[in-house]
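So this one's target34.cif, mmCIF, C-alpha atoms:
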data_structure
loop_
_atom_site.label_atom_id
_atom_site.label_comp_id
_atom_site.auth_asym_id
_atom_site.auth_seq_id
_atom_site.Cartn_x
_atom_site.Cartn_y
_atom_site.Cartn_z
CA MET L 29 136.98 83.27 143.74
CA LEU L 30 136.62 84.68 140.26
CA VAL L 31 132.86 84.95 140.53
CA CYS L 32 132.88 86.19 144.11
CA ALA L 33 135.50 88.87 143.66
CA CYS L 34 134.79 90.11 140.15
CA GLY L 35 131.40 88.84 139.10
CA ALA L 36 128.93 89.03 141.97
CA HIS L 37 126.75 91.98 142.84
CA GLN L 38 125.96 92.00 146.53
CA SER L 39 122.68 93.70 147.29
CA ASP L 40 123.11 93.80 151.07
CA PRO L 41 126.76 94.53 152.03
CA SER L 42 127.73 94.33 155.68
CA VAL L 43 128.19 97.60 157.56
CA PRO L 44 131.68 98.00 159.03
CA GLN L 45 131.87 98.78 162.74
CA GLU L 46 135.45 99.99 162.93
CA ARG L 47 136.78 103.36 161.82
CA PRO L 48 138.69 102.77 158.56
CA ILE L 49 142.49 102.87 158.73
CA THR L 50 143.44 103.95 155.22
CA GLY L 51 146.72 104.28 153.35
CA GLY L 52 147.93 100.74 154.01
CA LYS L 53 149.85 98.50 151.66
CA PHE L 54 150.61 94.85 151.42
CA PRO L 55 154.01 93.68 152.70
CA THR L 56 156.96 93.39 150.34
CA ALA L 57 158.16 89.88 151.09
CA ALA L 58 158.45 86.38 149.71
CA PRO L 59 155.03 84.99 148.73
CA PHE L 60 153.28 82.83 151.33
CA VAL L 61 153.28 79.68 149.20
CA ALA L 62 155.11 76.36 149.11
CA PRO L 63 156.04 74.19 146.09
CA GLY L 64 153.48 71.42 145.82
CA GLU L 65 150.86 73.24 147.88
CA HIS L 66 147.36 72.44 146.62
CA MET L 67 143.89 73.76 147.49
CA SER L 68 140.61 72.41 146.14
CA TYR L 69 137.36 74.40 146.22
CA ARG L 70 133.74 74.03 145.17
CA LEU L 71 131.79 76.99 143.84
CA GLN L 72 128.13 76.92 144.91
CA LEU L 73 125.03 78.96 144.26
CA GLY L 74 122.80 78.07 147.20
CA GLU L 75 122.93 74.27 147.31
CA MET L 76 123.83 73.84 143.61
CA GLU L 77 127.46 73.18 142.72
CA LEU L 78 128.64 75.26 139.78
CA ALA L 79 132.36 74.54 139.40
CA ALA L 80 135.45 72.94 140.88
CA VAL L 81 138.44 75.25 141.39
CA ASP L 82 141.97 74.00 142.06
CA VAL L 83 144.87 76.18 143.15
CA ALA L 84 148.30 74.61 142.71
CA VAL L 85 151.76 75.97 143.51
CA GLY L 86 154.46 74.89 141.08
CA ASP L 87 158.23 75.00 140.97
CA VAL L 88 160.66 77.87 141.04
CA THR L 89 161.51 79.25 137.61
CA GLU L 90 163.00 82.38 136.06
CA VAL L 91 161.02 85.23 134.49
CA ALA L 92 162.71 88.38 133.20
CA GLY L 93 165.90 87.46 135.02
CA LYS L 94 164.20 87.01 138.42
CA GLN L 95 163.37 83.92 140.45
CA THR L 96 159.63 83.28 140.55
CA ILE L 97 157.17 80.65 141.67
CA ALA L 98 154.10 79.74 139.64
CA VAL L 99 150.61 79.72 141.14
CA GLN L 100 147.97 78.23 138.85
CA LEU L 101 144.18 78.29 139.15
CA HIS L 102 142.06 75.83 137.18
CA ALA L 103 138.27 76.16 137.13
CA LYS L 104 135.99 73.54 135.57
CA GLY L 105 132.20 73.58 135.34
CA LEU L 106 130.12 70.91 137.04
CA GLY L 107 126.69 69.41 136.48
CA LEU L 108 124.08 71.55 134.77
CA VAL L 109 126.53 74.42 134.35
CA LYS L 110 128.29 72.49 131.58
CA MET L 111 125.05 72.51 129.61
CA VAL L 112 124.79 76.31 129.78
CA THR L 113 128.34 77.59 129.41
CA ASN L 114 131.90 76.34 128.98
CA ILE L 115 134.03 76.66 132.08
CA ASP L 116 137.46 75.10 131.69
CA ASP L 117 139.83 77.94 132.48
CA THR L 118 143.48 78.07 133.49
CA LEU L 119 145.03 81.18 135.03
CA THR L 120 148.73 81.28 135.95
CA SER L 121 150.79 83.84 137.84
CA TRP L 122 154.56 83.92 138.13
CA ILE L 123 155.35 85.64 141.44
CA ASP L 124 158.66 87.22 142.39
CA LEU L 125 160.25 85.19 145.20
CA THR L 126 161.72 88.31 146.79
CA THR L 127 158.88 90.84 146.65
CA GLY L 128 155.72 88.73 146.31
CA ARG L 129 154.71 90.85 143.30
CA PRO L 130 153.59 89.20 140.03
CA LEU L 131 155.81 89.44 136.97
CA LEU L 132 153.79 87.51 134.39
CA TRP L 133 150.10 86.58 134.11
CA THR L 134 148.55 84.26 131.53
CA VAL L 135 144.91 83.25 131.08
CA ASP L 136 143.46 80.53 128.86
CA GLU L 137 139.66 80.46 129.04
CA TYR L 138 136.49 80.04 127.05
CA ALA L 139 134.59 83.08 125.93
CA VAL L 140 131.53 83.86 128.05
CA ARG L 141 129.33 82.59 125.23
CA GLY L 142 130.48 80.10 122.63
CA ASN L 143 133.45 77.81 122.14
CA ASP L 144 136.12 80.38 121.31
CA ARG L 145 139.28 80.17 123.41
CA GLU L 146 140.53 83.47 124.76
CA ARG L 147 144.22 83.77 125.59
CA THR L 148 145.77 86.64 127.51
CA GLU L 149 149.34 87.45 128.46
CA ALA L 150 150.09 90.40 130.77
CA ARG L 151 153.78 91.18 131.13
CA LEU L 152 153.76 93.05 134.42
CA HIS L 153 157.55 92.92 134.53
CA ALA L 154 157.64 95.07 131.37
CA ARG L 155 155.57 97.92 132.81
CA ASP L 156 156.52 101.24 131.24
CA GLY L 157 155.49 104.14 133.46
CA ASP L 158 151.72 103.87 133.85
CA THR L 159 151.24 101.22 131.13
CA ILE L 160 151.31 97.43 131.31
CA PRO L 161 151.63 95.52 128.00
CA ILE L 162 148.84 92.99 127.50
CA GLU L 163 148.30 90.78 124.46
CA PHE L 164 145.01 89.04 123.69
CA HIS L 165 143.92 86.65 120.96
CA LEU L 166 141.08 84.30 120.07
CA ASN L 167 141.88 80.72 119.12
CA ASP L 168 144.83 80.75 116.68
CA ASP L 169 144.50 84.39 115.63
CA PRO L 170 147.62 86.57 115.94
CA PRO L 171 147.91 88.31 119.33
CA LYS L 172 146.67 91.90 119.50
CA PRO L 173 148.10 94.48 121.92
CA GLU L 174 145.73 95.85 124.57
CA PRO L 175 147.91 98.14 126.71
CA GLN L 176 146.43 98.83 130.12
CA LYS L 177 146.77 102.15 131.96
CA VAL L 178 147.33 101.82 135.72
CA SER L 179 147.63 104.33 138.53
CA MET L 180 149.13 102.48 141.51
CA PRO L 181 152.74 101.48 142.24
CA ASP L 182 151.74 97.82 142.62
CA VAL L 183 149.49 96.06 140.13
CA TRP L 184 148.40 92.52 140.87
CA ASP L 185 146.97 89.62 138.97
CA PHE L 186 144.20 87.65 140.63
CA ALA L 187 146.30 84.69 141.80
CA ALA L 188 149.11 86.81 143.25
CA PHE L 189 146.55 89.06 144.95
CA TYR L 190 144.82 86.08 146.55
CA MET L 191 148.18 84.85 147.85
CA VAL L 192 149.30 88.20 149.28
CA LEU L 193 146.12 88.39 151.34
CA ARG L 194 147.57 85.47 153.31
CA THR L 195 150.39 87.72 154.54
CA TRP L 196 148.27 90.75 155.48
CA GLU L 197 148.34 91.52 159.20
CA ALA L 198 146.87 94.78 160.49
CA PRO L 199 144.25 96.01 162.99
CA PRO L 200 140.53 95.58 162.24
CA GLY L 201 139.31 98.41 160.03
CA SER L 202 142.58 98.58 158.06
CA ILE L 203 142.11 99.18 154.33
CA VAL L 204 144.29 98.60 151.27
CA ASP L 205 143.32 99.77 147.78
CA SER L 206 144.73 97.82 144.84
CA GLU L 207 144.50 97.34 141.09
CA VAL L 208 144.02 93.69 140.12
CA LEU L 209 143.88 91.90 136.76
CA ARG L 210 141.08 89.31 136.71
CA SER L 211 141.89 88.12 133.18
CA ARG L 212 142.71 90.83 130.64
CA PHE L 213 140.62 93.40 132.49
CA LEU L 214 141.66 95.54 135.43
CA TRP L 215 139.61 96.01 138.59
CA HIS L 216 139.98 98.41 141.48
CA VAL L 217 139.74 96.32 144.66
CA GLN L 218 139.49 97.69 148.19
CA MET L 219 140.07 95.19 150.99
CA LYS L 220 139.26 95.79 154.64
CA ILE L 221 140.09 93.68 157.69
CA HIS L 222 136.75 92.93 159.35
CA GLY L 223 138.10 90.86 162.25
CA LYS L 224 138.44 87.34 163.62
CA GLU L 225 135.65 84.76 163.49
CA LYS L 226 135.08 81.01 163.67
CA LEU L 227 134.29 79.31 160.36
CA VAL L 228 132.92 75.80 159.92
CA THR L 229 134.16 74.06 156.76
CA GLU L 230 134.12 70.54 155.35
CA LEU L 231 137.56 70.10 156.92
CA GLY L 232 136.41 71.19 160.38
CA GLU L 233 136.06 74.41 162.34
CA PHE L 234 138.84 76.97 162.03
CA PRO L 235 139.72 80.29 163.62
CA ALA L 236 139.59 82.69 160.69
CA LEU L 237 140.35 86.26 159.71
CA ARG L 238 137.52 87.79 157.70
CA LEU L 239 138.35 90.30 154.97
CA ASP L 240 135.64 92.34 153.25
CA GLY L 241 136.11 93.59 149.71
CA ILE L 242 134.58 96.01 147.22
CA SER L 243 135.60 95.98 143.55
CA TYR L 244 134.71 97.80 140.36
CA LYS L 245 135.88 97.46 136.78
CA LEU L 246 138.31 99.84 135.05
CA GLY L 247 138.61 100.64 131.36
CA ARG L 248 141.75 100.47 129.24
CA ASP L 249 142.36 104.10 130.16
CA GLY L 250 142.46 103.14 133.83
CA LYS L 251 139.24 105.02 134.65
CA ARG L 252 136.18 103.51 136.29
CA ILE L 253 133.51 102.13 133.97
CA ARG L 254 130.46 103.93 135.29
CA ASP L 255 127.72 101.56 134.13
CA VAL L 256 129.16 98.55 135.98
CA ASP L 257 128.03 97.96 139.58
CA GLU L 258 130.37 97.54 142.50
CA ARG L 259 130.94 93.97 143.66
CA HIS L 260 130.92 93.26 147.41
CA PHE L 261 132.41 90.04 148.81
CA SER L 262 134.11 88.52 151.85
CA ILE L 263 137.10 86.18 152.20
CA TRP L 264 137.97 84.06 155.24
CA ILE L 265 141.61 83.04 155.81
CA SER L 266 142.58 80.53 158.50
CA ASP L 267 144.08 82.27 161.53
CA ASP L 268 146.85 79.73 162.01
CA ALA L 269 150.30 78.91 160.70
CA ASP L 270 149.06 77.83 157.25
CA ARG L 271 146.96 80.95 156.52
CA VAL L 272 144.77 79.02 154.08
CA PRO L 273 141.99 80.83 152.18
CA LEU L 274 138.94 78.95 153.47
CA GLN L 275 135.97 80.60 151.79
CA CYS L 276 134.89 83.45 149.54
CA ALA L 277 131.26 84.53 149.59
CA ALA L 278 128.91 87.13 148.14
CA ARG L 279 125.19 87.78 148.11
CA THR L 280 123.88 88.16 144.57
CA ASP L 281 120.56 88.81 142.87
CA TYR L 282 120.42 85.05 142.20
CA GLY L 283 121.19 83.95 145.77
CA ASP L 284 124.21 83.38 148.00
CA ILE L 285 127.32 82.28 146.16
CA LYS L 286 130.24 80.64 147.96
CA LEU L 287 133.61 79.21 147.10
CA ARG L 288 134.40 76.64 149.81
CA LEU L 289 137.63 74.80 150.58
CA VAL L 290 137.13 71.02 150.38
CA ASP L 291 140.74 69.79 150.44
CA TYR L 292 144.16 71.16 151.37
CA GLN L 293 147.68 69.76 150.86
CA PRO L 294 150.43 71.90 152.44
CA GLY L 295 153.28 71.07 150.05
CA ALA L 296 156.96 71.44 150.90
CA ARG L 297 157.88 72.92 154.27
CA ARG L 298 158.39 76.67 154.18
CA LYS L 299 161.75 78.00 155.31
#
Since I need it in another form, could you write the structure as structure tokens?
Amino acid sequence: MLVCACGAHQSDPSVPQERPITGGKFPTAAPFVAPGEHMSYRLQLGEMELAAVDVAVGDVTEVAGKQTIAVQLHAKGLGLVKMVTNIDDTLTSWIDLTTGRPLLWTVDEYAVRGNDRERTEARLHARDGDTIPIEFHLNDDPPKPEPQKVSMPDVWDFAAFYMVLRTWEAPPGSIVDSEVLRSRFLWHVQMKIHGKEKLVTELGEFPALRLDGISYKLGRDGKRIRDVDERHFSIWISDDADRVPLQCAARTDYGDIKLRLVDYQPGARRK
């Protein structure tokens, strides 16, 4: 998911057939998650496995005086990837149980090159006007403030954004623009409902809703970084009662990259 949505340059994006329906927004509602829910994925470049990614839903807890539920992503490199770079990253979102919006976002990951640990905390609940307080530090260094300018009423972190896509229901061609934190950096992400398809996975064939996305990176001032290419990707979500993210895919200069669901545990029954 991280590579597909914020790290893959697609050289041949699909051409939409429907007239765009702009101005949409994601619903304000309880997040579509259940305590104990667990999803396991494999990230592949062609036939080579790069990483295992687990998504786990935790217990209800309180953040800034509000009831939240934690959604945690853990990515770990596999095979030859471990010889090239360190991938052992944990990203956690605390999501408001009433609105589905994130209140706190923490990231613990290795630097792109080297063995330094990068730690990020974004206090979305403490937003002041158009600024979100973010703190970043390497290893045991003292945290340094990196305030982030934003321009939209809702700002998401990656985990909360991935979960809210499960609740999105609108006609094909509908578009929602969002600002999403991948780690400590903000991305503008536009999602469009492509339509319904059948998708074959390791768990069987599923009816699926395909969503197409375009993203680009923003600077600390909230403006687009001009020398960074757009990223094009697609996400398939099961078109059934569980609304499980099944696959994320992008075409890159290095080949087709996919994040595929390989196991799903539904967790506690939703009310």
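The residues returned by the PyMOL selection byres ((chain L and resi 213) around 8) on the shown structure are Leu209, Arg210, Ser211, Arg212, Leu214, Trp215, Lys245, Leu246, Gly247 and Arg248 of chain L.
Remark: for Met191 of chain L, the closest of the candidate residues L:Lys220, L:Lys177, L:Arg271, L:Lys286 is L:Arg271 (distances computed over all atoms listed in the file).
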Of the residues L:Ser243, L:Gln293, L:Ser202, L:Thr280, which is the one nearest to His66 of chain L, using all atoms listed in the file?
L:Gln293
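In this comparison, which uses all atoms listed in the file, the residue of L:Asp281, L:Glu65, L:Asp136, L:Glu207 approaching Val85 of chain L most closely is L:Glu65.
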Taking all atoms listed in the file into account, name the residue in L:Ile285, L:Thr134, L:His153, L:Ala296 that is nearest to Glu77 of chain L.
L:Ile285
Translate the PyMOL selection byres ((chain L and resi 82) around 9) into a concrete residue list for this structure, as a PyMOL selection string.
chain L and resi 66-70+80-81+83-84+100-104
Could you check which residues have any atom within 10 Å of (153.3, 85.5, 148.1), counting all atoms listed in the file with coordinates taken straight from the file, and then list them as a PyMOL selection string?
chain L and resi 55-62+97+99+123-130+187-195
Selected residues written out, C-alpha atoms, as an mmCIF file, in the frame of the given file:
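Saved file selection.cif follows:
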data_model
loop_
_atom_site.group_PDB
_atom_site.id
_atom_site.type_symbol
_atom_site.label_atom_id
_atom_site.label_comp_id
_atom_site.auth_asym_id
_atom_site.auth_seq_id
_atom_site.Cartn_x
_atom_site.Cartn_y
_atom_site.Cartn_z
ATOM 1 C CA PRO L 55 154.010 93.680 152.700
ATOM 2 C CA THR L 56 156.960 93.390 150.340
ATOM 3 C CA ALA L 57 158.160 89.880 151.090
ATOM 4 C CA ALA L 58 158.450 86.380 149.710
ATOM 5 C CA PRO L 59 155.030 84.990 148.730
ATOM 6 C CA PHE L 60 153.280 82.830 151.330
ATOM 7 C CA VAL L 61 153.280 79.680 149.200
ATOM 8 C CA ALA L 62 155.110 76.360 149.110
ATOM 9 C CA ILE L 97 157.170 80.650 141.670
ATOM 10 C CA VAL L 99 150.610 79.720 141.140
ATOM 11 C CA ILE L 123 155.350 85.640 141.440
ATOM 12 C CA ASP L 124 158.660 87.220 142.390
ATOM 13 C CA LEU L 125 160.250 85.190 145.200
ATOM 14 C CA THR L 126 161.720 88.310 146.790
ATOM 15 C CA THR L 127 158.880 90.840 146.650
ATOM 16 C CA GLY L 128 155.720 88.730 146.310
ATOM 17 C CA ARG L 129 154.710 90.850 143.300
ATOM 18 C CA PRO L 130 153.590 89.200 140.030
ATOM 19 C CA ALA L 187 146.300 84.690 141.800
ATOM 20 C CA ALA L 188 149.110 86.810 143.250
ATOM 21 C CA PHE L 189 146.550 89.060 144.950
ATOM 22 C CA TYR L 190 144.820 86.080 146.550
ATOM 23 C CA MET L 191 148.180 84.850 147.850
ATOM 24 C CA VAL L 192 149.300 88.200 149.280
ATOM 25 C CA LEU L 193 146.120 88.390 151.340
ATOM 26 C CA ARG L 194 147.570 85.470 153.310
ATOM 27 C CA THR L 195 150.390 87.720 154.540
#
Proximity to Tyr138 of chain L - best of L:Asn167, L:Thr120, L:Val208, L:Asp158, all atoms listed in the file:
L:Asn167
My list of candidates is L:Tyr292, L:Trp184, L:Trp264, L:Tyr244. Which is closest to Ile221 of chain L when distances are computed with all atoms listed in the file?
L:Trp264
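Atom pair atom CA of Arg151 of chain L / atom CA of Asp249 of chain L: separated by 17.3 Å.
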Could you give me, as a PyMOL selection string, the residues that sit within 9 Å of (138.0, 92.3, 159.4) in the file's coordinates, counting only C-alpha atoms?
chain L and resi 44+46+199-202+220-225+237-240
How would you write, as a ChimeraX atom specification, the residues chosen by the PyMOL selection byres ((chain L and resi 277) around 7) on this structure?
/L:32,261-263,275-276,278,285-287
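Coordinates place atom CA of Leu274 of chain L at a distance of 28.4 Å from atom CA of Glu149 of chain L.
Atom pair atom CA of Ala269 of chain L / atom CA of Gly64 of chain L has a distance of 17.0 Å (rounded to one decimal).
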